[in-house]
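Report on the structure given below.
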Amino acid sequence: MLNLSFVSKRWFITGTDTGVGKTTICCALLLAAAKRGLSTAVSKPVETGCLKKQDRLVPEDAYLLQRNSTIDLPLDLISPYQYEPACSPYQAAVDSSCSLVTKPIVLRSLQEIETHNPDFLLIEGAGGLLAPLNAQDTILDMIAWTKAPLLIVIPNRLGTISHTLLTIKYAQSESIDVQGLILSNAEETTEGSTLRNQAQIEMFTDVPVLGHMPYLKNPEDGESSAESILSTLLME
């Protein structure tokens, strides 16, 4: 069971690395929440690797999150920092001569999103816990700014045990409320050792694995797994 001192209606979702399925899992959870009749909203404060179309950046992850939310928010509000280079937010800002991520802008956009009173709000990070935002701050600092409980998406592949435990221990050492793990099959094929990842992770941490998301081509394919995770988050 989750050790909740309060029931939160918003969660921050990070991963042990980039490309672990955060956005797809967020979309699946949003769909599951909407199916229950909850109003949903998202925030992805920073996105790198944006495509450029007609002299305008297109944050594809933020667009997917927007499409799968019930509250229609402008992309620039969902993702106030958008960069074309596919690297850390700090390096992307430097390489593209754009503004660096700052706490006031992140919190201002989040506060505006919350004026819509969503029943269920997900805040998605970029990359792993220590991906740099500027010369001083990382994604970890952004999590602290939002004061949202943390969910960590962990890829079901070789190496995930060490990466997961390191992420948990560092987050907890910085007083982040780590509430759960979501095991993700971000790749279509898996190795035999991945069948034992969950059991070994649970041997070394009290942070629960909330669920296992299979490889998803579309967020809709993860409905049953997302529903199970959502029930745990909502303490049902």
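Within each chain, counting starts at residue 1; across the structure tokens, chains are named A, B, ... in the order shown, with ligands numbered 1 upward in that order.
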
Non-local contacts of Ala135 in chain A (9 Å; only C-alpha atoms; under 3 positions in same chain excluded) as a compact mmCIF listing (two decimals) with N, CA and C atoms, in the first residue's frame:
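Full text of around27.txt as output:
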# COMPACT_ATOMS: atom_id res chain seq x y z
N TYR A 90 19.40 22.20 -20.66
CA TYR A 90 20.43 23.23 -20.54
C TYR A 90 21.22 23.37 -21.82
N LEU A 100 17.01 30.01 -20.73
CA LEU A 100 17.15 28.85 -19.87
C LEU A 100 15.89 28.66 -19.03
N PRO A 132 20.15 18.34 -16.62
CA PRO A 132 20.29 19.75 -16.23
C PRO A 132 19.32 20.67 -16.95
N THR A 138 18.37 20.96 -11.89
CA THR A 138 18.10 19.75 -12.67
C THR A 138 16.60 19.43 -12.57

Spatial neighbours of Gly127 in chain A, 12 Å, only C-alpha atoms, chain gap at least 3 places, as a PyMOL selection string: chain A and resi 13-23+44+46-49+86-90+124+130-133+138-140+152-154

Selection above as a file: N, CA and C atoms, as an mmCIF file, in the first residue's frame:
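Result saved to part-v7.cif:
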data_model
loop_
_atom_site.group_PDB
_atom_site.id
_atom_site.type_symbol
_atom_site.label_atom_id
_atom_site.label_comp_id
_atom_site.auth_asym_id
_atom_site.auth_seq_id
_atom_site.Cartn_x
_atom_site.Cartn_y
_atom_site.Cartn_z
ATOM 1 N N ILE A 13 5.875 12.862 -13.059
ATOM 2 C CA ILE A 13 6.365 11.612 -13.620
ATOM 3 C C ILE A 13 7.738 11.841 -14.258
ATOM 4 N N THR A 14 8.722 11.119 -13.743
ATOM 5 C CA THR A 14 10.057 11.148 -14.322
ATOM 6 C C THR A 14 10.425 9.731 -14.740
ATOM 7 N N GLY A 15 11.598 9.575 -15.314
ATOM 8 C CA GLY A 15 12.079 8.254 -15.698
ATOM 9 C C GLY A 15 13.509 8.074 -15.243
ATOM 10 N N THR A 16 13.993 6.848 -15.312
ATOM 11 C CA THR A 16 15.398 6.617 -14.982
ATOM 12 C C THR A 16 16.297 7.082 -16.123
ATOM 13 N N ASP A 17 15.686 7.360 -17.268
ATOM 14 C CA ASP A 17 16.448 7.750 -18.453
ATOM 15 C C ASP A 17 15.472 8.342 -19.457
ATOM 16 N N THR A 18 15.985 8.788 -20.580
ATOM 17 C CA THR A 18 15.124 9.231 -21.668
ATOM 18 C C THR A 18 14.676 8.020 -22.481
ATOM 19 N N GLY A 19 13.564 8.153 -23.175
ATOM 20 C CA GLY A 19 13.086 7.076 -24.030
ATOM 21 C C GLY A 19 12.580 5.848 -23.303
ATOM 22 N N VAL A 20 12.022 6.038 -22.091
ATOM 23 C CA VAL A 20 11.550 4.874 -21.320
ATOM 24 C C VAL A 20 10.029 4.722 -21.370
ATOM 25 N N GLY A 21 9.363 5.594 -22.112
ATOM 26 C CA GLY A 21 7.912 5.469 -22.272
ATOM 27 C C GLY A 21 7.080 6.387 -21.397
ATOM 28 N N LYS A 22 7.676 7.463 -20.860
ATOM 29 C CA LYS A 22 6.948 8.366 -19.957
ATOM 30 C C LYS A 22 5.692 8.945 -20.605
ATOM 31 N N THR A 23 5.850 9.475 -21.807
ATOM 32 C CA THR A 23 4.730 10.170 -22.446
ATOM 33 C C THR A 23 3.587 9.208 -22.762
ATOM 34 N N LYS A 44 4.046 19.709 -19.251
ATOM 35 C CA LYS A 44 5.386 19.223 -19.592
ATOM 36 C C LYS A 44 6.234 20.475 -19.749
ATOM 37 N N VAL A 46 9.217 21.433 -20.006
ATOM 38 C CA VAL A 46 10.289 21.593 -20.987
ATOM 39 C C VAL A 46 10.333 20.374 -21.899
ATOM 40 N N GLU A 47 10.487 20.640 -23.194
ATOM 41 C CA GLU A 47 10.632 19.554 -24.167
ATOM 42 C C GLU A 47 11.772 19.896 -25.132
ATOM 43 N N THR A 48 12.664 18.958 -25.316
ATOM 44 C CA THR A 48 13.748 19.120 -26.280
ATOM 45 C C THR A 48 13.500 18.201 -27.472
ATOM 46 N N GLY A 49 14.277 18.393 -28.535
ATOM 47 C CA GLY A 49 14.101 17.577 -29.727
ATOM 48 C C GLY A 49 12.829 17.893 -30.477
ATOM 49 N N ALA A 86 18.110 17.991 -29.713
ATOM 50 C CA ALA A 86 17.727 16.805 -28.938
ATOM 51 C C ALA A 86 18.827 16.471 -27.936
ATOM 52 N N CYS A 87 18.836 17.198 -26.829
ATOM 53 C CA CYS A 87 19.839 16.987 -25.772
ATOM 54 C C CYS A 87 19.242 17.484 -24.470
ATOM 55 N N SER A 88 20.058 17.634 -23.432
ATOM 56 C CA SER A 88 19.522 18.104 -22.154
ATOM 57 C C SER A 88 18.942 19.513 -22.326
ATOM 58 N N PRO A 89 17.960 19.884 -21.494
ATOM 59 C CA PRO A 89 17.382 21.222 -21.602
ATOM 60 C C PRO A 89 18.416 22.346 -21.537
ATOM 61 N N TYR A 90 19.402 22.197 -20.655
ATOM 62 C CA TYR A 90 20.433 23.232 -20.536
ATOM 63 C C TYR A 90 21.222 23.367 -21.823
ATOM 64 N N GLU A 124 4.996 16.017 -16.464
ATOM 65 C CA GLU A 124 6.023 15.121 -17.015
ATOM 66 C C GLU A 124 7.357 15.834 -17.142
ATOM 67 N N LEU A 130 18.529 13.794 -13.048
ATOM 68 C CA LEU A 130 19.558 14.828 -12.987
ATOM 69 C C LEU A 130 19.847 15.477 -14.333
ATOM 70 N N ALA A 131 18.905 15.394 -15.257
ATOM 71 C CA ALA A 131 19.056 16.126 -16.521
ATOM 72 C C ALA A 131 19.100 17.620 -16.196
ATOM 73 N N PRO A 132 20.151 18.335 -16.619
ATOM 74 C CA PRO A 132 20.290 19.747 -16.230
ATOM 75 C C PRO A 132 19.323 20.668 -16.953
ATOM 76 N N LEU A 133 18.738 21.592 -16.192
ATOM 77 C CA LEU A 133 17.837 22.598 -16.744
ATOM 78 C C LEU A 133 18.576 23.894 -17.049
ATOM 79 N N THR A 138 18.370 20.958 -11.893
ATOM 80 C CA THR A 138 18.098 19.748 -12.671
ATOM 81 C C THR A 138 16.603 19.427 -12.572
ATOM 82 N N ILE A 139 16.192 18.338 -13.222
ATOM 83 C CA ILE A 139 14.807 17.888 -13.120
ATOM 84 C C ILE A 139 14.425 17.656 -11.664
ATOM 85 N N LEU A 140 15.372 17.195 -10.857
ATOM 86 C CA LEU A 140 15.108 17.000 -9.434
ATOM 87 C C LEU A 140 14.631 18.294 -8.786
ATOM 88 N N ILE A 152 8.052 7.143 -10.808
ATOM 89 C CA ILE A 152 9.227 6.912 -11.655
ATOM 90 C C ILE A 152 8.929 5.798 -12.652
ATOM 91 N N VAL A 153 9.065 6.109 -13.933
ATOM 92 C CA VAL A 153 8.919 5.097 -14.983
ATOM 93 C C VAL A 153 10.267 4.416 -15.168
ATOM 94 N N ILE A 154 10.262 3.094 -15.049
ATOM 95 C CA ILE A 154 11.513 2.336 -15.145
ATOM 96 C C ILE A 154 11.415 1.352 -16.312
#

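Distance-wise, CA of Ile161 in chain A and CA of Glu220 in chain A end up 27.8 Å apart.
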
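Between Glu114 in chain A and the candidates A:Val101, A:Leu165, A:Leu77, A:Leu29, the tightest atom-to-atom separation, counting only C-alpha atoms, involves A:Leu77.
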
Would you list the contacts of Val106 in chain A as a PDB file with C-alpha atoms, in the first residue's frame, taking every protein, DNA or RNA residue within 9 Å and counting only C-alpha atoms, but skipping same-chain residues closer than 3 positions in sequence?
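Everything below was put into around_20.pdb:
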ATOM      1  CA  PRO A  45       7.396  22.296 -18.631  1.00  0.00           C
ATOM      2  CA  VAL A  46      10.289  21.593 -20.987  1.00  0.00           C
ATOM      3  CA  SER A  79       5.199  23.304 -22.452  1.00  0.00           C
ATOM      4  CA  PRO A  80       6.549  26.855 -21.945  1.00  0.00           C
ATOM      5  CA  TYR A  81      10.099  25.790 -22.816  1.00  0.00           C
ATOM      6  CA  VAL A 101      14.516  27.104 -17.767  1.00  0.00           C
ATOM      7  CA  THR A 102      13.630  29.085 -14.629  1.00  0.00           C
ATOM      8  CA  LYS A 103      11.508  28.321 -11.588  1.00  0.00           C
ATOM      9  CA  SER A 109       2.452  27.968 -16.124  1.00  0.00           C
ATOM     10  CA  LEU A 110       1.543  25.256 -13.612  1.00  0.00           C
ATOM     11  CA  GLN A 111      -0.528  27.679 -11.545  1.00  0.00           C
ATOM     12  CA  MET A 142      11.800  21.041 -10.830  1.00  0.00           C
ATOM     13  CA  TRP A 145       9.421  23.287  -7.128  1.00  0.00           C
ATOM     14  CA  THR A 146       6.097  21.617  -7.938  1.00  0.00           C
TER      15      THR A 146
END

Among range 42-104 of chain A, which ones does DSSP place in strand (DSSP E or B), written as a ChimeraX atom specification? /A:42-43,46-47,51-53,56-58,81-82

Pick from A:Ser173, A:Gln91, A:Gln136, A:Gln198 nearest to Pro155 in chain A, counting only C-alpha atoms: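 Answer, going by the shortest atom-to-atom distance: A:Gln198.
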
Neighbouring residues of Asp72 in chain A were defined as those with any atom within 12 Å, considering only C-alpha atoms; residues of the same chain fewer than 3 positions away were excluded. Please report them as a list in words.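 With the cut-off at 12 Å, the set is Ser39, Thr40, Ala41, Val42, Ser43, Ala62, Tyr63, Leu64, Leu65, Gln66, Arg67, Asn68, Ser69, Leu75, Asp76, Leu77, Ile78, Ile113, His116 and Pro118 of chain A.
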
Point-to-point distance in Å for CA of Gly180 in chain A and CA of Leu234 in chain A: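 It comes out at 12.6 Å.
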
If you run DSSP on the backbone here, which positions in range 20-115 of chain A get alpha helix (DSSP H)? Please write them as a PyMOL selection string. chain A and resi 22-35+60-67+75-78+89-95+103-114

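Counting only C-alpha atoms and comparing A:Pro208, A:Pro214, A:Pro219, A:Gly37, the residue that lies closest to Leu233 in chain A is A:Pro208.
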
Using only C-alpha atoms, pick whichever of A:Asp119, A:Glu187, A:Asp141, A:Glu112 has the shortest atom-to-atom distance to Lys217 in chain A.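 So, comparing all the options, the nearest one is A:Glu187.
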
Just checking: using only C-alpha atoms, which residue out of A:Gly211, A:Ile229, A:Ala33, A:Glu223 ends up closest to Phe120 in chain A?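 Among the listed residues, A:Ala33 lies closest to Phe120 in chain A.
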
Among listed residues A:His163, A:Glu60, A:Cys26, A:Val178, nearest Ala144 in chain A (using only C-alpha atoms):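 Nearest candidate to Ala144 in chain A out of A:His163, A:Glu60, A:Cys26, A:Val178: A:Val178.
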
Please provide the set of residues having any atom within 12 Å of Ala199 in chain A, restricted to only C-alpha atoms, with same-chain residues fewer than 4 positions apart removed, written as a PyMOL selection string. chain A and resi 156+161+183+193-195+203-206+208-209

In Å, with one decimal, what is the gap from CA of Asp177 in chain A to CA of Leu129 in chain A?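 Interatomic distance here is 13.4 Å.
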
Env of Cys50 in chain A: 9 Å cut, atoms = only C-alpha atoms, seq-sep filter 5 positions within chain, self excluded. Answer as an mmCIF file with C-alpha atoms, in the first residue's frame.
data_model
loop_
_atom_site.group_PDB
_atom_site.id
_atom_site.type_symbol
_atom_site.label_atom_id
_atom_site.label_comp_id
_atom_site.auth_asym_id
_atom_site.auth_seq_id
_atom_site.Cartn_x
_atom_site.Cartn_y
_atom_site.Cartn_z
ATOM 1 C CA LEU A 57 8.654 24.445 -33.062
ATOM 2 C CA VAL A 58 6.283 21.528 -32.530
ATOM 3 C CA PRO A 59 6.617 19.780 -29.140
ATOM 4 C CA GLU A 60 5.340 16.339 -30.143
ATOM 5 C CA ASP A 61 5.200 14.904 -26.622
ATOM 6 C CA GLN A 82 10.519 24.196 -26.243
ATOM 7 C CA TYR A 83 13.900 23.524 -27.831
ATOM 8 C CA GLU A 84 14.906 22.084 -31.181
ATOM 9 C CA PRO A 85 18.214 20.352 -30.229
ATOM 10 C CA ALA A 86 17.727 16.805 -28.938
#
